[in-house]
file target_4.cif (mmCIF, C-alpha atoms)
data_my_file
#
loop_
_atom_site.label_atom_id
_atom_site.label_comp_id
_atom_site.auth_asym_id
_atom_site.auth_seq_id
_atom_site.Cartn_x
_atom_site.Cartn_y
_atom_site.Cartn_z
CA MET J 1 0.00 0.00 0.00
CA TYR J 2 1.09 3.56 -0.61
CA GLN J 3 1.30 5.50 2.64
CA PHE J 4 -1.64 7.62 3.72
CA ARG J 5 -2.95 9.52 6.74
CA TYR J 6 -5.49 7.72 8.96
CA HIS J 7 -8.42 9.52 10.59
CA LYS J 8 -11.17 8.24 12.84
CA PRO J 9 -13.81 10.98 13.23
CA ALA J 10 -16.53 10.58 15.86
CA THR J 11 -19.28 12.41 13.97
CA LEU J 12 -20.57 12.73 10.41
CA GLU J 13 -19.72 16.44 10.37
CA GLU J 14 -16.12 15.74 11.35
CA ALA J 15 -15.90 13.05 8.68
CA VAL J 16 -17.09 15.42 5.97
CA ASP J 17 -14.69 18.16 7.19
CA CYS J 18 -11.90 15.64 7.09
CA TYR J 19 -12.81 14.66 3.53
CA GLN J 20 -13.00 18.25 2.36
CA SER J 21 -9.65 19.24 3.80
CA ALA J 22 -7.92 16.16 2.39
CA GLU J 23 -6.12 16.28 -0.93
CA ASP J 24 -7.62 12.96 -2.03
CA GLY J 25 -9.68 11.51 0.79
CA ILE J 26 -11.63 8.27 0.89
CA TYR J 27 -14.03 6.80 3.43
CA LEU J 28 -13.25 3.43 5.01
CA ALA J 29 -16.22 1.27 6.06
CA GLY J 30 -15.62 -2.52 6.08
CA GLY J 31 -12.60 -2.22 3.81
CA GLN J 32 -13.22 -5.47 1.95
CA THR J 33 -13.04 -3.76 -1.43
CA LEU J 34 -11.09 -0.60 -0.56
CA LEU J 35 -8.14 -2.29 1.13
CA PRO J 36 -7.46 -4.88 -1.61
CA THR J 37 -7.80 -2.07 -4.16
CA MET J 38 -5.22 -0.01 -2.28
CA LYS J 39 -2.93 -3.03 -1.82
CA GLN J 40 -3.02 -3.66 -5.54
CA ARG J 41 -2.17 0.01 -6.01
CA LEU J 42 -5.32 0.67 -7.97
CA ALA J 43 -6.12 3.42 -5.45
CA ALA J 44 -3.74 5.72 -3.62
CA PRO J 45 -5.77 8.06 -1.40
CA SER J 46 -3.85 10.63 0.66
CA ASP J 47 -6.23 10.26 3.60
CA VAL J 48 -8.31 7.30 4.77
CA ILE J 49 -11.28 8.30 6.93
CA ASP J 50 -12.50 5.43 9.13
CA LEU J 51 -16.28 5.67 9.68
CA SER J 52 -16.47 2.97 12.37
CA ALA J 53 -16.76 5.34 15.34
CA ILE J 54 -19.80 7.24 14.02
CA ASP J 55 -22.85 6.16 16.04
CA ARG J 56 -25.34 7.62 13.57
CA LEU J 57 -24.39 5.00 10.98
CA THR J 58 -25.38 2.02 13.10
CA GLY J 59 -28.63 0.39 14.14
CA ILE J 60 -31.44 -1.62 12.57
CA GLU J 61 -35.09 -0.65 12.86
CA VAL J 62 -37.91 -2.94 11.80
CA THR J 63 -41.45 -1.57 11.48
CA SER J 64 -44.52 -3.17 9.91
CA ASP J 65 -43.87 -1.62 6.51
CA GLU J 66 -40.18 -0.75 6.48
CA VAL J 67 -36.77 -2.15 7.42
CA ARG J 68 -34.19 0.58 8.08
CA VAL J 69 -30.59 -0.52 8.10
CA GLY J 70 -27.77 1.74 9.31
CA ALA J 71 -25.07 2.12 6.69
CA PHE J 72 -22.34 0.65 8.90
CA THR J 73 -24.28 -2.60 9.45
CA ARG J 74 -22.14 -5.56 8.50
CA HIS J 75 -23.52 -8.26 6.16
CA ASP J 76 -23.42 -10.90 8.90
CA GLU J 77 -25.57 -8.72 11.17
CA VAL J 78 -28.22 -8.41 8.46
CA ALA J 79 -28.07 -12.17 7.79
CA ARG J 80 -28.63 -13.01 11.48
CA HIS J 81 -30.93 -10.19 12.60
CA GLU J 82 -34.14 -11.70 14.02
CA GLY J 83 -36.37 -8.79 12.98
CA ILE J 84 -35.07 -8.75 9.40
CA ARG J 85 -35.38 -12.52 9.14
CA ARG J 86 -39.01 -12.19 10.20
CA ARG J 87 -40.11 -9.07 8.27
CA LEU J 88 -37.82 -9.09 5.23
CA PRO J 89 -36.32 -12.59 4.99
CA VAL J 90 -35.15 -11.99 1.42
CA LEU J 91 -32.64 -9.40 2.67
CA ALA J 92 -31.21 -11.74 5.33
CA PHE J 93 -31.03 -14.52 2.72
CA LEU J 94 -29.24 -12.23 0.25
CA ALA J 95 -26.76 -11.04 2.90
CA ALA J 96 -25.95 -14.62 3.93
CA GLN J 97 -24.78 -15.36 0.39
CA ILE J 98 -22.32 -12.47 0.05
CA GLY J 99 -18.70 -13.61 -0.33
CA ASP J 100 -17.62 -15.71 2.65
CA GLY J 101 -17.72 -15.48 6.44
CA GLN J 102 -14.67 -13.26 6.65
CA VAL J 103 -16.13 -10.79 4.14
CA ARG J 104 -19.58 -10.82 5.78
CA ASN J 105 -18.04 -10.05 9.18
CA ARG J 106 -16.38 -6.86 7.88
CA GLY J 107 -18.24 -5.65 4.81
CA THR J 108 -21.05 -3.14 5.35
CA ILE J 109 -24.27 -2.44 3.47
CA GLY J 110 -23.39 1.24 3.05
CA GLY J 111 -19.95 0.38 1.71
CA SER J 112 -21.38 -2.07 -0.79
CA VAL J 113 -24.04 0.32 -2.05
CA ALA J 114 -21.63 3.30 -2.17
CA ASN J 115 -19.10 1.26 -4.14
CA SER J 116 -21.73 -0.12 -6.55
CA ASP J 117 -19.70 -3.03 -7.83
CA PRO J 118 -21.56 -4.37 -10.87
CA ALA J 119 -21.57 -7.87 -9.34
CA ALA J 120 -22.48 -6.95 -5.75
CA ASP J 121 -25.63 -8.46 -4.23
CA TYR J 122 -27.14 -5.58 -2.24
CA PRO J 123 -27.86 -3.38 -5.30
CA ALA J 124 -30.36 -6.04 -6.48
CA ALA J 125 -32.27 -5.55 -3.21
CA VAL J 126 -32.01 -1.74 -3.32
CA ILE J 127 -33.49 -1.72 -6.83
CA GLY J 128 -35.85 -4.69 -6.49
CA LEU J 129 -37.40 -3.43 -3.26
CA GLY J 130 -37.32 0.25 -4.28
CA ALA J 131 -35.26 1.29 -1.26
CA THR J 132 -34.47 4.85 -0.23
CA ILE J 133 -30.83 5.80 0.26
CA ASN J 134 -30.41 8.31 3.10
CA THR J 135 -27.23 10.35 3.15
CA ASN J 136 -25.84 13.11 5.34
CA ALA J 137 -27.39 15.57 2.87
CA ARG J 138 -30.58 14.08 1.37
CA GLN J 139 -32.68 11.08 0.37
CA ILE J 140 -32.14 9.35 -2.96
CA ALA J 141 -34.64 6.96 -4.56
CA ALA J 142 -33.23 3.63 -5.70
CA ASP J 143 -34.25 4.29 -9.30
CA ASP J 144 -32.12 7.46 -9.37
CA TYR J 145 -29.15 6.09 -7.47
CA PHE J 146 -27.20 3.64 -9.67
CA GLN J 147 -25.79 5.38 -12.73
CA ASP J 148 -22.96 3.45 -14.34
CA LEU J 149 -19.94 1.24 -13.60
CA PHE J 150 -18.96 2.15 -10.00
CA GLU J 151 -20.90 5.39 -10.53
CA THR J 152 -23.75 6.49 -8.29
CA ALA J 153 -25.73 9.63 -7.53
CA LEU J 154 -23.50 10.30 -4.51
CA GLU J 155 -21.61 13.60 -4.63
CA PRO J 156 -17.92 13.61 -3.64
CA GLY J 157 -17.75 13.45 0.16
CA GLU J 158 -21.41 12.44 0.60
CA ILE J 159 -21.95 9.63 3.11
CA ILE J 160 -24.76 7.06 3.11
CA THR J 161 -26.25 6.98 6.61
CA ARG J 162 -29.10 4.50 6.30
CA ILE J 163 -30.99 2.46 3.73
CA ASP J 164 -34.77 2.08 4.07
CA PHE J 165 -36.34 -0.98 2.47
CA PRO J 166 -40.12 -1.10 2.00
CA VAL J 167 -41.50 -4.49 3.06
CA PRO J 168 -43.15 -6.35 0.14
CA SER J 169 -45.90 -8.96 0.44
CA ARG J 170 -43.30 -11.45 -0.75
CA ALA J 171 -39.92 -11.42 -2.45
CA ALA J 172 -37.18 -13.80 -3.54
CA TYR J 173 -33.56 -13.44 -4.65
CA ARG J 174 -31.62 -15.90 -6.76
CA LYS J 175 -28.10 -15.52 -8.07
CA PHE J 176 -25.65 -17.45 -10.16
CA PRO J 177 -22.53 -17.08 -8.04
CA ASN J 178 -19.03 -16.98 -9.40
CA PRO J 179 -17.76 -20.22 -7.84
CA ALA J 180 -14.54 -18.61 -6.55
CA SER J 181 -15.62 -15.16 -5.33
CA ARG J 182 -19.38 -15.77 -4.93
CA TYR J 183 -19.99 -12.42 -6.56
CA ALA J 184 -23.19 -12.53 -8.62
CA VAL J 185 -22.49 -13.32 -12.27
CA VAL J 186 -26.18 -12.48 -12.43
CA GLY J 187 -28.58 -11.98 -9.51
CA VAL J 188 -32.31 -11.28 -9.75
CA LEU J 189 -34.64 -10.11 -7.00
CA VAL J 190 -38.37 -10.33 -7.65
CA ALA J 191 -40.68 -8.51 -5.24
CA ASP J 192 -44.48 -8.45 -5.07
CA PHE J 193 -46.00 -5.38 -3.41
CA ASP J 194 -49.69 -6.35 -3.27
CA GLY J 195 -49.70 -7.20 -6.95
CA ARG J 196 -47.24 -4.49 -8.03
CA ILE J 197 -44.11 -6.30 -9.21
CA ARG J 198 -40.55 -5.00 -9.08
CA VAL J 199 -37.53 -6.81 -10.52
CA GLY J 200 -33.98 -5.80 -9.56
CA ILE J 201 -31.07 -7.19 -11.58
CA THR J 202 -27.39 -7.15 -10.60
CA GLY J 203 -24.28 -8.60 -12.26
CA ALA J 204 -25.62 -8.34 -15.80
CA GLY J 205 -24.91 -4.69 -16.63
CA PRO J 206 -22.47 -1.97 -15.50
CA CYS J 207 -24.72 -1.33 -12.48
CA ALA J 208 -27.93 -2.73 -11.01
CA PHE J 209 -31.10 -1.92 -12.92
CA ARG J 210 -34.82 -2.71 -13.09
CA GLY J 211 -36.03 -5.52 -15.32
CA THR J 212 -38.94 -3.47 -16.65
CA ALA J 213 -39.96 -5.89 -19.41
CA LEU J 214 -40.06 -8.70 -16.84
CA GLU J 215 -42.09 -6.51 -14.46
CA VAL J 216 -44.68 -5.80 -17.16
CA ALA J 217 -44.99 -9.48 -18.04
CA LEU J 218 -45.34 -10.49 -14.40
CA GLN J 219 -47.90 -7.82 -13.49
CA GLY J 220 -51.06 -9.68 -12.49
CA ASN J 221 -49.50 -12.91 -13.73
CA LEU J 222 -46.77 -13.93 -11.30
CA ASN J 223 -45.56 -17.25 -12.68
CA SER J 224 -42.54 -18.34 -14.66
CA ALA J 225 -44.57 -19.06 -17.82
CA ALA J 226 -45.37 -15.33 -17.97
CA ILE J 227 -41.77 -14.39 -18.82
CA GLU J 228 -41.33 -17.14 -21.43
CA GLY J 229 -41.71 -14.71 -24.34
CA VAL J 230 -39.84 -11.77 -22.81
CA GLU J 231 -36.71 -10.79 -24.72
CA VAL J 232 -33.68 -9.81 -22.64
CA PRO J 233 -31.32 -8.04 -25.04
CA ASP J 234 -27.64 -8.23 -24.05
CA VAL J 235 -26.87 -4.72 -25.28
CA GLY J 236 -24.46 -3.01 -22.88
CA PHE J 237 -24.17 -6.13 -20.70
CA ASN J 238 -20.86 -7.05 -19.08
CA ASN J 239 -18.66 -9.23 -21.21
CA ASP J 240 -15.63 -10.60 -19.37
CA LEU J 241 -13.72 -13.76 -18.52
CA HIS J 242 -16.48 -14.85 -16.14
CA ALA J 243 -19.32 -14.78 -18.66
CA SER J 244 -20.21 -13.35 -22.06
CA ALA J 245 -22.92 -10.72 -22.41
CA GLU J 246 -25.11 -13.25 -24.22
CA TYR J 247 -24.75 -15.79 -21.40
CA ARG J 248 -25.57 -13.12 -18.80
CA ALA J 249 -28.75 -12.22 -20.71
CA HIS J 250 -29.70 -15.91 -20.65
CA LEU J 251 -28.97 -16.10 -16.91
CA VAL J 252 -31.28 -13.15 -16.19
CA LYS J 253 -34.29 -15.23 -17.21
CA VAL J 254 -33.04 -18.39 -15.52
CA MET J 255 -32.48 -16.57 -12.21
CA ALA J 256 -35.82 -14.75 -12.58
CA ARG J 257 -37.60 -18.08 -13.11
CA ARG J 258 -35.94 -19.53 -10.00
CA ALA J 259 -36.89 -16.50 -7.93
CA ILE J 260 -40.47 -16.71 -9.17
CA ALA J 261 -40.54 -20.44 -8.35
CA ASP J 262 -39.45 -19.58 -4.80
CA LEU J 263 -42.44 -17.24 -4.59
CA VAL J 264 -45.21 -19.29 -6.14
CA GLY J 265 -43.80 -22.84 -5.83
CA MET T 1 3.37 9.75 7.72
CA SER T 2 3.05 9.63 11.46
CA GLY T 3 2.51 6.41 13.39
CA VAL T 4 -0.77 5.45 15.03
CA HIS T 5 -0.73 4.40 18.67
CA VAL T 6 -3.08 1.48 19.35
CA SER T 7 -4.13 -0.16 22.63
CA THR T 8 -5.76 -3.52 22.13
CA THR T 9 -6.03 -7.03 23.52
CA VAL T 10 -4.30 -9.92 21.77
CA ASN T 11 -5.05 -13.47 22.95
CA GLY T 12 -6.21 -12.05 26.28
CA ASP T 13 -3.13 -9.89 26.89
CA ALA T 14 -3.32 -6.10 26.94
CA THR T 15 -1.08 -5.00 24.07
CA GLU T 16 0.13 -1.65 22.76
CA TYR T 17 1.85 -0.88 19.50
CA VAL T 18 2.63 1.96 17.15
CA CYS T 19 2.09 1.21 13.48
CA HIS T 20 2.05 3.05 10.18
CA PRO T 21 -1.46 3.69 8.81
CA GLY T 22 -0.71 1.41 5.87
CA GLU T 23 0.14 -1.63 7.98
CA THR T 24 -2.51 -4.32 8.09
CA LEU T 25 -3.40 -6.20 11.26
CA LEU T 26 -1.53 -9.14 9.72
CA ASP T 27 1.62 -7.00 9.32
CA VAL T 28 1.32 -5.88 12.93
CA LEU T 29 0.78 -9.40 14.29
CA ARG T 30 3.68 -10.90 12.35
CA ASN T 31 6.23 -8.09 12.23
CA ARG T 32 5.61 -6.13 15.42
CA LEU T 33 4.17 -8.68 17.84
CA GLY T 34 6.05 -11.78 16.63
CA LEU T 35 2.83 -13.78 16.18
CA THR T 36 3.60 -15.58 12.93
CA GLY T 37 0.76 -18.14 13.09
CA ALA T 38 -1.47 -16.18 10.72
CA LYS T 39 -0.04 -16.46 7.21
CA GLU T 40 -0.12 -14.18 4.22
CA GLY T 41 -1.43 -16.20 1.28
CA CYS T 42 -3.03 -13.89 -1.26
CA GLY T 43 -3.09 -10.60 0.63
CA THR T 44 -6.45 -9.75 -0.94
CA GLY T 45 -8.96 -11.58 1.25
CA ASP T 46 -9.49 -14.60 -0.97
CA CYS T 47 -7.60 -17.40 0.77
CA GLY T 48 -8.27 -16.99 4.50
CA ALA T 49 -4.75 -18.06 5.59
CA CYS T 50 -4.52 -14.85 7.66
CA SER T 51 -7.80 -15.49 9.54
CA VAL T 52 -8.03 -14.21 13.10
CA THR T 53 -11.00 -13.09 15.17
CA VAL T 54 -11.73 -9.48 16.13
CA ASP T 55 -14.28 -9.17 18.96
CA GLY T 56 -15.16 -12.80 18.24
CA SER T 57 -15.82 -12.28 14.51
CA LEU T 58 -13.73 -14.12 11.96
CA VAL T 59 -11.86 -11.72 9.66
CA CYS T 60 -9.01 -11.70 7.18
CA SER T 61 -6.28 -9.84 9.06
CA CYS T 62 -4.76 -8.82 5.72
CA LEU T 63 -7.90 -6.73 5.01
CA VAL T 64 -8.05 -4.92 8.33
CA LEU T 65 -5.74 -2.05 9.28
CA GLY T 66 -3.66 -2.33 12.43
CA ALA T 67 -4.86 1.20 13.19
CA GLU T 68 -8.48 -0.01 13.30
CA MET T 69 -7.81 -2.28 16.30
CA GLU T 70 -8.02 0.35 19.03
CA GLY T 71 -10.03 -1.12 21.91
CA ARG T 72 -10.71 -4.41 20.11
CA GLU T 73 -10.08 -7.98 21.16
CA VAL T 74 -7.94 -9.96 18.74
CA ASN T 75 -7.53 -13.72 18.93
CA THR T 76 -5.07 -15.70 16.82
CA VAL T 77 -4.15 -19.35 16.42
CA GLU T 78 -1.46 -18.84 19.08
CA GLY T 79 -4.26 -18.45 21.64
CA LEU T 80 -5.99 -21.72 20.76
CA ALA T 81 -4.07 -24.17 22.97
CA ASP T 82 -4.41 -23.95 26.75
CA GLY T 83 -0.77 -23.93 27.81
CA GLY T 84 0.55 -27.33 26.79
CA THR T 85 -2.90 -28.77 26.12
CA LEU T 86 -3.98 -28.60 22.50
CA HIS T 87 -7.51 -27.50 21.61
CA PRO T 88 -9.67 -30.43 20.40
CA LEU T 89 -9.54 -28.90 16.91
CA GLN T 90 -5.75 -29.10 16.91
CA ASP T 91 -5.84 -32.70 18.19
CA LYS T 92 -8.37 -33.75 15.55
CA PHE T 93 -6.55 -32.01 12.70
CA ILE T 94 -3.50 -34.12 13.60
CA GLU T 95 -5.51 -37.30 14.11
CA HIS T 96 -7.37 -36.92 10.79
CA ALA T 97 -4.27 -35.74 8.88
CA ALA T 98 -6.30 -32.67 7.89
CA LEU T 99 -3.26 -30.90 6.49
CA GLN T 100 -0.34 -31.43 4.20
CA CYS T 101 1.77 -28.33 3.63
CA GLY T 102 0.17 -26.56 6.60
CA ILE T 103 0.09 -23.01 5.27
CA CYS T 104 -3.71 -22.79 5.42
CA THR T 105 -4.02 -24.66 8.74
CA PRO T 106 -3.87 -21.73 11.22
CA GLY T 107 -6.62 -19.98 9.26
CA PHE T 108 -8.78 -23.12 9.18
CA LEU T 109 -8.29 -23.68 12.92
CA VAL T 110 -9.33 -20.11 13.76
CA ALA T 111 -12.31 -20.27 11.38
CA ALA T 112 -13.42 -23.62 12.81
CA LYS T 113 -13.02 -22.29 16.36
CA ALA T 114 -15.25 -19.30 15.47
CA LEU T 115 -17.86 -21.76 14.17
CA LEU T 116 -17.78 -24.04 17.22
CA ASP T 117 -17.97 -21.08 19.62
CA ARG T 118 -21.27 -20.18 18.01
CA ASN T 119 -22.54 -23.63 17.10
CA PRO T 120 -20.96 -26.65 18.81
CA ASP T 121 -23.17 -29.07 16.86
CA PRO T 122 -22.82 -28.08 13.18
CA THR T 123 -24.02 -30.16 10.25
CA GLU T 124 -21.57 -30.98 7.45
CA GLN T 125 -23.20 -28.24 5.37
CA GLU T 126 -22.77 -25.72 8.18
CA ILE T 127 -19.11 -26.68 8.52
CA ARG T 128 -18.51 -26.22 4.81
CA TYR T 129 -20.39 -22.88 4.81
CA ALA T 130 -18.34 -21.63 7.78
CA LEU T 131 -15.06 -22.65 6.15
CA ALA T 132 -15.94 -21.32 2.69
CA GLY T 133 -13.55 -18.39 3.09
CA ASN T 134 -10.55 -20.65 3.68
CA LEU T 135 -8.75 -22.25 0.76
CA CYS T 136 -6.66 -25.43 0.94
CA ARG T 137 -4.82 -26.63 -2.13
CA CYS T 138 -3.64 -29.95 -0.62
CA THR T 139 -6.36 -31.86 1.18
CA GLY T 140 -9.48 -31.55 -0.96
CA TYR T 141 -11.26 -30.39 2.24
CA ASP T 142 -12.82 -33.75 3.23
CA LYS T 143 -10.32 -34.48 5.99
CA ILE T 144 -10.68 -30.94 7.31
CA VAL T 145 -14.46 -31.29 7.49
CA HIS T 146 -14.12 -34.66 9.24
CA ALA T 147 -11.63 -33.21 11.71
CA VAL T 148 -13.94 -30.30 12.57
CA ASP T 149 -16.86 -32.70 12.97
CA ALA T 150 -14.81 -34.90 15.32
CA ALA T 151 -13.59 -31.87 17.26
CA ALA T 152 -17.18 -30.64 17.64
CA LYS T 153 -18.10 -33.99 19.24
CA GLU T 154 -15.14 -33.63 21.61
CA VAL T 155 -16.07 -30.04 22.49
CA ARG T 156 -19.65 -31.12 23.24
CA LYS T 157 -18.34 -33.95 25.43
CA GLN T 158 -16.13 -31.52 27.35
CA GLN T 159 -19.00 -29.04 27.74
CA LYS T 160 -21.26 -31.82 29.07
CA ALA T 161 -18.60 -32.96 31.52
CA ALA T 162 -18.00 -29.39 32.71
CA LYS T 163 -21.74 -28.88 33.20
CA LYS T 164 -22.01 -32.10 35.19
CA ALA T 165 -19.02 -31.14 37.34
CA SER T 166 -20.43 -27.69 38.11
CA GLY T 167 -23.83 -29.25 38.83
CA LYS T 168 -22.26 -31.61 41.35
CA LYS T 169 -20.48 -28.73 43.00
CA ARG T 170 -23.74 -26.88 43.43
CA ARG T 171 -25.32 -29.86 45.12
#

call {"tool": "encode", "arguments": {"input": "target_4.cif", "output": "structure tokens"}}
result
Amino acid sequence: MYQFRYHKPATLEEAVDCYQSAEDGIYLAGGQTLLPTMKQRLAAPSDVIDLSAIDRLTGIEVTSDEVRVGAFTRHDEVARHEGIRRRLPVLAFLAAQIGDGQVRNRGTIGGSVANSDPAADYPAAVIGLGATINTNARQIAADDYFQDLFETALEPGEIITRIDFPVPSRAAYRKFPNPASRYAVVGVLVADFDGRIRVGITGAGPCAFRGTALEVALQGNLNSAAIEGVEVPDVGFNNDLHASAEYRAHLVKVMARRAIADLVG
Amino acid sequence: MSGVHVSTTVNGDATEYVCHPGETLLDVLRNRLGLTGAKEGCGTGDCGACSVTVDGSLVCSCLVLGAEMEGREVNTVEGLADGGTLHPLQDKFIEHAALQCGICTPGFLVAAKALLDRNPDPTEQEIRYALAGNLCRCTGYDKIVHAVDAAAKEVRKQQKAAKKASGKKRR
């Protein structure tokens, strides 16, 4: 790693000040992407700002219609949280499949969503459930948040504080994991909000997006036969050593069918 | 760049060190504290050879900064045995020949310990899920899974015996 200055602010305001006075600052949450990136010298920030001491970023709140997860919540906490397992089991199930135990014990939901890796799992839930991203400055709707490869609506220095997930009547997530990293080659989350269907897709494109054609086909007809005729064009899809764009387009429908089967049997 | 002063607990002992911000917990353990049990395999969080626990949670020490350890409790493979008495996991790894080259073994032992602390009666699937972040290129994993299963039985036996003993004392 290149050398850098280390800061551990106690409040959000201090963290933002720290970022603004740094030449090239970066926030550290769980570090499971940032630290390997720095070790491989793909990033060389002048200042690393550790967010772990900021109380406002922690805590999980479960109400009858919403699950609110503090940005610093680690994946393992989401996977094991009793309230989430009861009210929004799909989120606990998704979190339990991220990476491996070591990653889940460090990685945080805010870090994952801020980084917006094209193959990360959480973005499928943010999009598929229509979550709201709360930051130190504002609220951002899921549909406006993911913009391109590692690009989000976050302004430089903006910090995610909490993510609010509406609770659907039912939802399921299925992914085709890379067998080594368990990143999603393609992951699809299908949610049913009293008959209104949302489909969130990760892994396939440069960032997570809604499967609008699938949503239309499934509206009022939630079964796997309904998506039989839906075309999933591979235009703009990721094409790399893990899978071709064409294969990813194929996987979108396979994972969608499996998620639907989880919902309707 | 100035050093960071850290007060922490390592294997139950209060420990202080000064490290550079860019040093990982693994660097600190190996190069500053002389605890060379945790190994650097990949350095990018894929192999799990550097596994230790922080506040009871299994982590890759190569992906945690030494500076982040202020006030935490770190446990490494060096803390597994009780003086000269090996932990059942260590005994069973030897008995089942659950290692060849041994580079991954400290990480597997720490990961298995973290599992048994939480769940002393894991199924084979739960063992494999808990060890998914640890790679072994020699054994093919079967012997490791058998060793952890056998150690879990031993741990349960010890827990039962301890419970019985404390029960007797109460009476």

call {"tool": "closest_atom_pairs", "arguments": {"input": "target_4.cif", "of": "chain T", "to": "chain J", "cutoff": "9 Å", "atoms": "all atoms listed in the file", "output": "tab-separated table"}}
result
residue	atom	partner	partner_atom	distance
T:Met1	CA	J:Arg5	CA	6.4
T:Ser2	CA	J:Arg5	CA	7.6
T:Val4	CA	J:Tyr6	CA	8.0
T:His20	CA	J:Gln3	CA	8.0
T:Pro21	CA	J:Tyr6	CA	5.7
T:Gly22	CA	J:Gln3	CA	5.6
T:Glu23	CA	J:Met1	CA	8.1
T:Gly43	CA	J:Pro36	CA	7.5
T:Thr44	CA	J:Pro36	CA	5.0
T:Gly45	CA	J:Pro36	CA	7.4
T:Asp46	CA	J:Ser181	CA	7.5
T:Gly48	CA	J:Gln102	CA	7.7
T:Ser51	CA	J:Gln102	CA	7.8
T:Ser57	CA	J:Asn105	CA	6.2
T:Leu58	CA	J:Gln102	CA	5.5
T:Val59	CA	J:Gln102	CA	4.4
T:Cys60	CA	J:Gln102	CA	5.9
T:Cys62	CA	J:Leu35	CA	8.7
T:Leu63	CA	J:Leu35	CA	5.9
T:Val64	CA	J:Gly31	CA	7.0
T:Leu65	CA	J:Leu35	CA	8.5
T:Ala67	CA	J:Tyr6	CA	7.8
T:Glu68	CA	J:Asp50	CA	7.9
T:Ala111	CA	J:Gly101	CA	8.8
T:Tyr129	CA	J:Asp100	CA	8.0
T:Ala130	CA	J:Gly101	CA	6.3
T:Leu131	CA	J:Gly101	CA	7.7
T:Ala132	CA	J:Asp100	CA	5.9
T:Gly133	CA	J:Asp100	CA	4.9
T:Asn134	CA	J:Asp100	CA	8.7

call {"tool": "resolve_selection", "arguments": {"input": "target_4.cif", "expression": "the PyMOL selection byres ((chain T and resi 29) around 12)", "output": "ChimeraX atom specification"}}
result
/T:8-11,15-19,23-28,30-40,50-52,61-62,64-66,69,74-78

call {"tool": "residues_around", "arguments": {"input": "target_4.cif", "residues": "stretch 80-92 of chain J", "least_positions_apart": "6", "cutoff": "7 Å", "atoms": "only C-alpha atoms", "output": "JSON list (two decimals) with C-alpha atoms, keeping the file's coordinate frame"}}
result
[["chain", "number", "residue", "atom", "x", "y", "z"],
["J", 62, "VAL", "CA", -37.91, -2.94, 11.80],
["J", 167, "VAL", "CA", -41.50, -4.49, 3.06],
["J", 171, "ALA", "CA", -39.92, -11.42, -2.45],
["J", 172, "ALA", "CA", -37.18, -13.80, -3.54],
["J", 173, "TYR", "CA", -33.56, -13.44, -4.65]]

call {"tool": "residues_near_point", "arguments": {"input": "target_4.cif", "point": "(-36.1, -4.5, -2.0)", "cutoff": "10 Å", "atoms": "only C-alpha atoms", "output": "PyMOL selection string"}}
result
chain J and resi 67+88+90-91+122-132+142+164-168+171-173+189-192+198-200

call {"tool": "atom_distance", "arguments": {"input": "target_4.cif", "atom1": "atom CA of J:Asp148", "atom2": "atom CA of J:Ala43"}}
result
19.0 Å

call {"tool": "atom_distance", "arguments": {"input": "target_4.cif", "atom1": "atom CA of J:Tyr19", "atom2": "atom CA of T:Asp55"}}
result
28.4 Å

call {"tool": "residues_near_point", "arguments": {"input": "target_4.cif", "point": "(-20.3, -3.6, -7.4)", "cutoff": "9 Å", "atoms": "only C-alpha atoms", "output": "ChimeraX atom specification"}}
result
/J:112-123,149-150,183,202-203,206-208

call {"tool": "resolve_selection", "arguments": {"input": "target_4.cif", "expression": "the PyMOL selection byres ((chain J and resi 155-160) around 8)", "output": "JSON, numbers by chain"}}
result
{"J": [16, 19, 20, 71, 110, 114, 133, 134, 135, 136, 137, 153, 154, 161, 162, 163]}

call {"tool": "resolve_selection", "arguments": {"input": "target_4.cif", "expression": "the PyMOL selection byres ((chain J and resi 255) around 9)", "output": "list in words"}}
result
Tyr173, Arg174, Lys175, Phe176, Val186, Gly187, Val188, Leu189, His250, Leu251, Val252, Lys253, Val254, Ala256, Arg257, Arg258, Ala259 and Ile260 of chain J

call {"tool": "atom_distance", "arguments": {"input": "target_4.cif", "atom1": "atom CA of J:Gly205", "atom2": "atom CA of J:Arg182"}}
result
17.0 Å

call {"tool": "closest_residue", "arguments": {"input": "target_4.cif", "among": "T:Ala49, T:Ala114, T:Val155, T:Cys104", "to": "T:Asp91", "atoms": "all atoms listed in the file"}}
result
T:Val155

call {"tool": "closest_residue", "arguments": {"input": "target_4.cif", "among": "T:Leu80, T:Leu116, T:Ala97, T:Ala14", "to": "T:Asp149", "atoms": "all atoms listed in the file"}}
result
T:Leu116

call {"tool": "decode", "arguments": {"input": "target_4.cif", "residues": "stretch 70-84 of chain J", "atoms": "C-alpha atoms", "output": "short mmCIF file (atom, residue, chain, number, x, y, z; two decimals), in the first residue's frame"}}
result
data_model
loop_
_atom_site.label_atom_id
_atom_site.label_comp_id
_atom_site.auth_asym_id
_atom_site.auth_seq_id
_atom_site.Cartn_x
_atom_site.Cartn_y
_atom_site.Cartn_z
CA GLY J 70 -27.77 1.74 9.31
CA ALA J 71 -25.07 2.12 6.69
CA PHE J 72 -22.34 0.65 8.90
CA THR J 73 -24.28 -2.60 9.45
CA ARG J 74 -22.14 -5.56 8.50
CA HIS J 75 -23.52 -8.26 6.16
CA ASP J 76 -23.42 -10.90 8.90
CA GLU J 77 -25.57 -8.72 11.17
CA VAL J 78 -28.22 -8.41 8.46
CA ALA J 79 -28.07 -12.17 7.79
CA ARG J 80 -28.63 -13.01 11.48
CA HIS J 81 -30.93 -10.19 12.60
CA GLU J 82 -34.14 -11.70 14.02
CA GLY J 83 -36.37 -8.79 12.98
CA ILE J 84 -35.07 -8.75 9.40
#
